[in-house]
>>> print(open('model.json').read())   # JSON, C-alpha atoms
[["chain", "number", "residue", "atom", "x", "y", "z"],
["A", 4, "GLN", "CA", 0.00, 0.00, 0.00],
["A", 5, "TRP", "CA", 2.86, 2.36, 0.83],
["A", 6, "PHE", "CA", 4.53, 1.59, -2.50],
["A", 7, "ILE", "CA", 1.29, 2.12, -4.43],
["A", 8, "GLY", "CA", 0.68, 5.36, -2.53],
["A", 9, "ARG", "CA", 4.05, 6.70, -3.73],
["A", 10, "MET", "CA", 3.00, 6.47, -7.39],
["A", 11, "ARG", "CA", 2.36, 9.93, -8.85],
["A", 12, "VAL", "CA", -1.02, 8.99, -10.30],
["A", 13, "VAL", "CA", -2.21, 7.60, -6.95],
["A", 14, "GLN", "CA", -0.84, 10.63, -5.08],
["A", 15, "PHE", "CA", -2.71, 12.92, -7.47],
["A", 16, "TYR", "CA", -5.93, 10.94, -7.02],
["A", 17, "LEU", "CA", -5.65, 10.85, -3.21],
["A", 18, "ASN", "CA", -4.82, 14.57, -3.04],
["A", 19, "THR", "CA", -7.97, 15.42, -4.98],
["A", 20, "ALA", "CA", -10.34, 12.76, -3.59],
["A", 21, "LEU", "CA", -9.63, 12.43, 0.15],
["A", 22, "PRO", "CA", -11.38, 14.86, 2.50],
["A", 23, "PRO", "CA", -9.28, 17.99, 3.22],
["A", 24, "GLU", "CA", -9.59, 17.39, 6.96],
["A", 25, "LEU", "CA", -7.98, 13.94, 6.66],
["A", 26, "LEU", "CA", -5.21, 15.33, 4.46],
["A", 27, "ALA", "CA", -4.63, 18.24, 6.85],
["A", 28, "ALA", "CA", -4.55, 16.02, 9.94],
["A", 29, "SER", "CA", -2.10, 13.70, 8.20],
["A", 30, "ASP", "CA", 0.14, 16.60, 7.25],
["A", 31, "ALA", "CA", -0.04, 18.21, 10.68],
["A", 32, "VAL", "CA", 0.62, 15.05, 12.72],
["A", 33, "LEU", "CA", 2.41, 12.53, 10.51],
["A", 34, "GLU", "CA", 4.88, 14.58, 8.46],
["A", 35, "THR", "CA", 7.49, 14.74, 11.21],
["A", 36, "ALA", "CA", 6.24, 11.82, 13.35],
["A", 37, "HIS", "CA", 8.30, 8.84, 14.48],
["A", 38, "CYS", "CA", 7.19, 5.23, 13.97],
["A", 39, "GLY", "CA", 5.59, 5.05, 17.44],
["A", 40, "LEU", "CA", 3.24, 7.94, 16.74],
["A", 41, "VAL", "CA", 2.55, 6.80, 13.17],
["A", 42, "GLY", "CA", 1.60, 3.36, 14.50],
["A", 43, "LEU", "CA", -0.70, 4.91, 17.08],
["A", 44, "ILE", "CA", -2.45, 7.05, 14.45],
["A", 45, "GLY", "CA", -2.86, 3.84, 12.42],
["A", 46, "TYR", "CA", -5.57, 2.77, 14.86],
["A", 47, "VAL", "CA", -7.86, 5.52, 13.57],
["A", 48, "PHE", "CA", -7.60, 5.01, 9.82],
["A", 49, "MET", "CA", -8.39, 1.82, 7.98],
["A", 50, "ASP", "CA", -5.28, -0.17, 7.11],
["A", 51, "THR", "CA", -5.49, 0.38, 3.35],
["A", 52, "ALA", "CA", -6.22, 4.10, 3.62],
["A", 53, "ASN", "CA", -3.41, 4.46, 6.15],
["A", 54, "GLY", "CA", -0.84, 2.73, 3.92],
["A", 55, "LEU", "CA", -1.86, 4.70, 0.84],
["A", 56, "ASN", "CA", -1.80, 7.93, 2.83],
["A", 57, "GLN", "CA", 1.70, 7.20, 4.15],
["A", 58, "GLY", "CA", 2.84, 6.64, 0.57],
["A", 59, "ARG", "CA", 1.04, 9.79, -0.59],
["A", 60, "MET", "CA", 3.00, 11.80, 1.98],
["A", 61, "SER", "CA", 6.27, 10.18, 0.82],
["A", 62, "MET", "CA", 6.91, 8.97, 4.36],
["A", 63, "ARG", "CA", 10.28, 7.32, 4.86],
["A", 64, "PHE", "CA", 10.19, 3.57, 4.28],
["A", 65, "TRP", "CA", 11.54, 2.52, 7.68],
["A", 66, "THR", "CA", 9.21, 4.85, 9.56],
["A", 67, "GLN", "CA", 6.27, 3.38, 7.69],
["A", 68, "LEU", "CA", 7.43, -0.21, 8.13],
["A", 69, "CYS", "CA", 8.20, 0.10, 11.84],
["A", 70, "SER", "CA", 4.82, 1.78, 12.41],
["A", 71, "GLU", "CA", 3.16, -1.58, 11.84],
["A", 72, "TRP", "CA", 3.85, -2.39, 15.52],
["A", 73, "SER", "CA", 0.31, -1.32, 16.29],
["A", 74, "CYS", "CA", -1.17, -4.41, 14.66],
["A", 75, "ILE", "CA", 0.71, -6.85, 16.92],
["A", 76, "PRO", "CA", -1.32, -6.54, 20.17],
["A", 77, "ASN", "CA", -4.65, -6.82, 18.39],
["A", 78, "ALA", "CA", -3.40, -9.58, 16.09],
["A", 79, "LEU", "CA", -2.35, -11.73, 19.05],
["A", 80, "ALA", "CA", -5.81, -11.50, 20.58],
["A", 81, "VAL", "CA", -7.68, -12.00, 17.30],
["A", 82, "VAL", "CA", -5.53, -14.94, 16.13],
["A", 83, "SER", "CA", -5.88, -16.59, 19.54],
["A", 84, "LEU", "CA", -9.63, -16.02, 19.36],
["A", 85, "GLY", "CA", -9.78, -17.67, 15.94],
["A", 86, "ALA", "CA", -7.74, -20.64, 17.16],
["A", 87, "THR", "CA", -10.06, -21.05, 20.15],
["A", 88, "ILE", "CA", -13.16, -20.96, 17.97],
["A", 89, "ALA", "CA", -11.55, -23.60, 15.72],
["A", 90, "LEU", "CA", -10.93, -26.06, 18.59],
["A", 91, "PRO", "CA", -14.17, -28.04, 18.00],
["A", 92, "ALA", "CA", -13.23, -28.50, 14.34],
["A", 93, "ILE", "CA", -9.70, -29.59, 15.26],
["A", 94, "TYR", "CA", -10.88, -32.08, 17.89],
["A", 95, "PRO", "CA", -14.38, -33.08, 16.71],
["A", 96, "ALA", "CA", -14.55, -36.47, 18.46],
["A", 97, "GLN", "CA", -13.69, -35.07, 21.87],
["A", 98, "TYR", "CA", -16.03, -32.12, 21.49],
["A", 99, "GLU", "CA", -19.00, -34.27, 20.41],
["A", 100, "SER", "CA", -18.48, -36.74, 23.26],
["A", 101, "ILE", "CA", -18.61, -33.88, 25.73],
["A", 102, "GLN", "CA", -21.68, -32.31, 24.10],
["A", 103, "ASN", "CA", -23.55, -35.65, 24.06],
["A", 104, "GLY", "CA", -22.51, -36.60, 27.58],
["A", 105, "GLU", "CA", -21.17, -39.98, 28.53],
["A", 106, "GLU", "CA", -21.85, -42.61, 25.86],
["A", 107, "GLU", "CA", -22.11, -46.35, 26.52],
["A", 108, "GLY", "CA", -20.66, -46.20, 29.99],
["A", 109, "GLU", "CA", -17.53, -44.27, 28.97],
["A", 110, "GLU", "CA", -16.45, -41.49, 31.25],
["A", 111, "VAL", "CA", -15.57, -38.09, 29.92],
["A", 112, "VAL", "CA", -11.86, -37.58, 30.44],
["A", 113, "ASP", "CA", -10.65, -34.45, 32.24],
["A", 114, "GLY", "CA", -8.64, -33.46, 29.18],
["A", 115, "GLU", "CA", -11.83, -33.37, 27.14],
["A", 116, "ARG", "CA", -13.52, -31.19, 29.77],
["A", 117, "ILE", "CA", -10.62, -28.75, 29.50],
["A", 118, "LEU", "CA", -11.53, -28.27, 25.85],
["A", 119, "VAL", "CA", -15.03, -27.08, 26.76],
["A", 120, "VAL", "CA", -13.70, -24.85, 29.54],
["A", 121, "LEU", "CA", -11.21, -23.31, 27.13],
["A", 122, "ILE", "CA", -13.93, -22.56, 24.63],
["A", 123, "ASP", "CA", -16.36, -21.20, 27.21],
["A", 124, "VAL", "CA", -13.80, -18.98, 28.93],
["A", 125, "LEU", "CA", -11.37, -17.93, 26.21],
["A", 126, "ILE", "CA", -13.81, -16.84, 23.51],
["A", 127, "PRO", "CA", -15.37, -13.99, 25.53],
["A", 128, "LEU", "CA", -12.05, -13.16, 27.21],
["A", 129, "LEU", "CA", -10.10, -12.87, 23.96],
["A", 130, "ALA", "CA", -12.92, -10.94, 22.29],
["A", 131, "LEU", "CA", -12.87, -8.52, 25.23],
["A", 132, "ILE", "CA", -9.07, -8.15, 25.07],
["A", 133, "ALA", "CA", -9.17, -7.49, 21.31],
["A", 134, "GLY", "CA", -11.92, -4.91, 21.78],
["A", 135, "LEU", "CA", -10.08, -3.16, 24.63],
["A", 136, "VAL", "CA", -6.81, -2.99, 22.69],
["A", 137, "GLN", "CA", -8.57, -1.53, 19.64],
["A", 138, "PHE", "CA", -10.64, 0.92, 21.70],
["A", 139, "SER", "CA", -7.60, 2.08, 23.67],
["A", 140, "GLY", "CA", -5.60, 2.63, 20.49],
["A", 141, "VAL", "CA", -8.41, 4.54, 18.80],
["A", 142, "SER", "CA", -8.92, 6.71, 21.91],
["A", 143, "LEU", "CA", -5.25, 7.65, 22.21],
["A", 144, "ALA", "CA", -4.89, 8.27, 18.47],
["A", 145, "ALA", "CA", -8.08, 10.35, 18.27],
["A", 146, "ARG", "CA", -6.84, 12.44, 21.19],
["A", 147, "LYS", "CA", -3.54, 13.06, 19.38],
["A", 148, "LEU", "CA", -5.31, 13.95, 16.12],
["A", 149, "GLY", "CA", -7.81, 16.14, 17.96],
["A", 150, "ALA", "CA", -5.00, 18.08, 19.63],
["A", 151, "SER", "CA", -3.51, 18.88, 16.22],
["A", 152, "ILE", "CA", -6.62, 20.77, 15.12],
["A", 153, "GLN", "CA", -5.67, 23.75, 17.31],
["A", 154, "ARG", "CA", -2.20, 24.10, 15.80],
["A", 155, "ASP", "CA", -1.25, 26.42, 12.96],
["A", 156, "GLU", "CA", 0.14, 23.51, 10.91],
["A", 157, "TYR", "CA", -3.30, 21.90, 10.76],
["A", 158, "MET", "CA", -5.10, 25.13, 9.89],
["A", 159, "MET", "CA", -2.64, 25.97, 7.12],
["A", 160, "ALA", "CA", -2.77, 22.42, 5.75],
["A", 161, "ARG", "CA", -6.58, 22.42, 5.81],
["A", 162, "GLU", "CA", -6.71, 25.68, 3.88],
["A", 163, "LYS", "CA", -4.09, 24.38, 1.45],
["A", 164, "TRP", "CA", -6.02, 21.18, 0.70],
["A", 165, "THR", "CA", -9.35, 22.99, 0.50],
["A", 166, "ALA", "CA", -7.90, 25.47, -2.02],
["A", 167, "ILE", "CA", -6.23, 22.73, -4.05],
["A", 168, "GLN", "CA", -9.40, 20.68, -4.32],
["A", 169, "PHE", "CA", -11.46, 23.78, -5.14],
["A", 170, "PHE", "CA", -9.12, 24.90, -7.93],
["A", 171, "TYR", "CA", -8.94, 21.37, -9.30],
["A", 172, "GLN", "CA", -12.75, 21.08, -9.43],
["A", 173, "VAL", "CA", -13.20, 24.54, -10.95],
["A", 174, "SER", "CA", -10.32, 24.69, -13.42],
["A", 175, "GLY", "CA", -8.53, 21.33, -13.32],
["A", 176, "LEU", "CA", -5.30, 22.98, -12.17],
["A", 177, "VAL", "CA", -3.11, 22.00, -9.22],
["A", 178, "PRO", "CA", 0.24, 23.42, -8.05],
["A", 179, "SER", "CA", 3.41, 21.71, -9.20],
["A", 180, "ARG", "CA", 6.17, 20.52, -6.88],
["A", 181, "GLU", "CA", 8.06, 23.72, -7.62],
["A", 182, "GLY", "CA", 4.91, 25.67, -6.77],
["A", 183, "TRP", "CA", 4.77, 23.96, -3.39],
["A", 184, "GLN", "CA", 8.37, 24.83, -2.68],
["A", 185, "GLN", "CA", 7.74, 28.47, -3.66],
["A", 186, "ASP", "CA", 4.56, 28.55, -1.50],
["A", 187, "VAL", "CA", 2.28, 29.43, -4.41],
["A", 188, "LEU", "CA", -0.76, 29.64, -2.09],
["A", 189, "GLN", "CA", 1.12, 31.84, 0.41],
["A", 190, "LEU", "CA", 0.08, 29.77, 3.41],
["A", 191, "SER", "CA", 3.40, 29.05, 5.10],
["A", 192, "ALA", "CA", 4.03, 32.58, 6.41],
["A", 193, "ARG", "CA", 2.03, 35.67, 7.29],
["A", 194, "ASN", "CA", 1.33, 38.04, 4.45],
["A", 195, "PRO", "CA", 2.38, 41.56, 5.52],
["A", 196, "SER", "CA", -0.08, 43.10, 3.04],
["A", 197, "TYR", "CA", -3.07, 42.02, 5.14]]
>>> encode(input="model.json", output="C-alpha cells")
Amino acid sequence: QWFIGRMRVVQFYLNTALPPELLAASDAVLETAHCGLVGLIGYVFMDTANGLNQGRMSMRFWTQLCSEWSCIPNALAVVSLGATIALPAIYPAQYESIQNGEEEGEEVVDGERILVVLIDVLIPLLALIAGLVQFSGVSLAARKLGASIQRDEYMMAREKWTAIQFFYQVSGLVPSREGWQQDVLQLSARNPSY
C-alpha cells in the first residue's frame, strides 16, 4: 500500500479525492512523526487508507514499516480467538463426546472437559481483550489527532487542501512541486499586506 501510494497517479488521485480534513490532519501530525506515533495514528484510519496515505505523503520507508507495531497486540488476541473458535473443528470427536454426555458407559476424560472450559472462557475473554486494545488505540490516536486541530500547521494544511481541491474542481489545475516549494498559495508565512 505504501509503494502504491508513492505512485504519482495515486498521489494525485488521493490529493484530490480524500477529505481535506484527513489530508490536513495527516500533514499536521504525521509529516514529522516517528514510527511510534505513526503506528498509534494507524488505529484511527483503515489499514489500506493508512498505507496509501503514508505513501502519498512520501513517508520514509523505515518509519512506515516500523509503524506496523500497532497491529501486533490486536493480532495476538484475534488470532488466539480464531484458534479457540476452531478447537471443536480440530478435535471433533472429543467435542462431540462432551456435548452428548457420557456414551455407553464411557467417562468423559478431564482433558476433554478442559476443551469445553477453554472454549467457554477464552472466547469472551479474547474478544474482550481485542476490543479493549482496539478501543484504547483509537482513543489515544483520536486524542492526538484532535490536539492537532488547534495548531497552525493543521489550519494551514486544511486551507491548502481545500484550495487545491477547489481549484482542481473549478479549473482542473493544481500546483506543481516547484509551486509547493515556492509557496504558491502563500500559506506558510504571514502576508504583511493584510
>>> residues_around(input="model.json", residues="stretch 150-159 of chain A", least_positions_apart="3", cutoff="6 Å", atoms="all atoms listed in the file", output="number ranges by chain")
A: 27, 31, 147, 162, 190
>>> residues_around(input="model.json", residues="stretch 58-62 of chain A", least_positions_apart="2", cutoff="12 Å", atoms="all atoms listed in the file", output="VMD selection string")
chain A and resid 4 to 19 21 26 to 38 41 51 to 56 64 to 70
>>> residues_around(input="model.json", residues="A:Cys74", least_positions_apart="3", cutoff="9 Å", atoms="all atoms listed in the file", output="ChimeraX atom specification")
/A:42,45-46,70-71,77-79
>>> write_last_selection(input="model.json", atoms="C-alpha atoms", output="PDB file, in the coordinates of the input")
ATOM      1  CA  GLY A  42       1.600   3.360  14.500  1.00  0.00           C
ATOM      2  CA  GLY A  45      -2.860   3.840  12.420  1.00  0.00           C
ATOM      3  CA  TYR A  46      -5.570   2.770  14.860  1.00  0.00           C
ATOM      4  CA  SER A  70       4.820   1.780  12.410  1.00  0.00           C
ATOM      5  CA  GLU A  71       3.160  -1.580  11.840  1.00  0.00           C
ATOM      6  CA  ASN A  77      -4.650  -6.820  18.390  1.00  0.00           C
ATOM      7  CA  ALA A  78      -3.400  -9.580  16.090  1.00  0.00           C
ATOM      8  CA  LEU A  79      -2.350 -11.730  19.050  1.00  0.00           C
TER       9      LEU A  79
END
>>> atom_distance(input="model.json", atom1="atom CA of A:Ala133", atom2="atom CA of A:Ala80")
5.3 Å
>>> atom_distance(input="model.json", atom1="atom CA of A:Val47", atom2="atom CA of A:Pro23")
16.3 Å
>>> atom_distance(input="model.json", atom1="atom CA of A:Leu125", atom2="atom CA of A:Ile93")
16.1 Å
>>> closest_residue(input="model.json", among="A:Gln137, A:Gln189, A:Thr165, A:Ser142", to="A:Val81", atoms="all atoms listed in the file")
A:Gln137
>>> residues_around(input="model.json", residues="A:Ala166", least_positions_apart="6", cutoff="10 Å", atoms="all atoms listed in the file", output="list in words")
Pro23, Ala160, Gln172, Val177 and Leu188 of chain A
>>> write_last_selection(input="model.json", atoms="C-alpha atoms", output="CSV table (one decimal), in the coordinates of the input")
chain,number,residue,atom,x,y,z
A,23,PRO,CA,-9.3,18.0,3.2
A,160,ALA,CA,-2.8,22.4,5.8
A,172,GLN,CA,-12.8,21.1,-9.4
A,177,VAL,CA,-3.1,22.0,-9.2
A,188,LEU,CA,-0.8,29.6,-2.1
>>> closest_residue(input="model.json", among="A:Leu176, A:Trp72, A:Ile132, A:Tyr171", to="A:Leu40", atoms="only C-alpha atoms")
A:Trp72
>>> closest_residue(input="model.json", among="A:Pro76, A:Ile122, A:Glu24, A:Pro127", to="A:Ser139", atoms="only C-alpha atoms")
A:Pro76
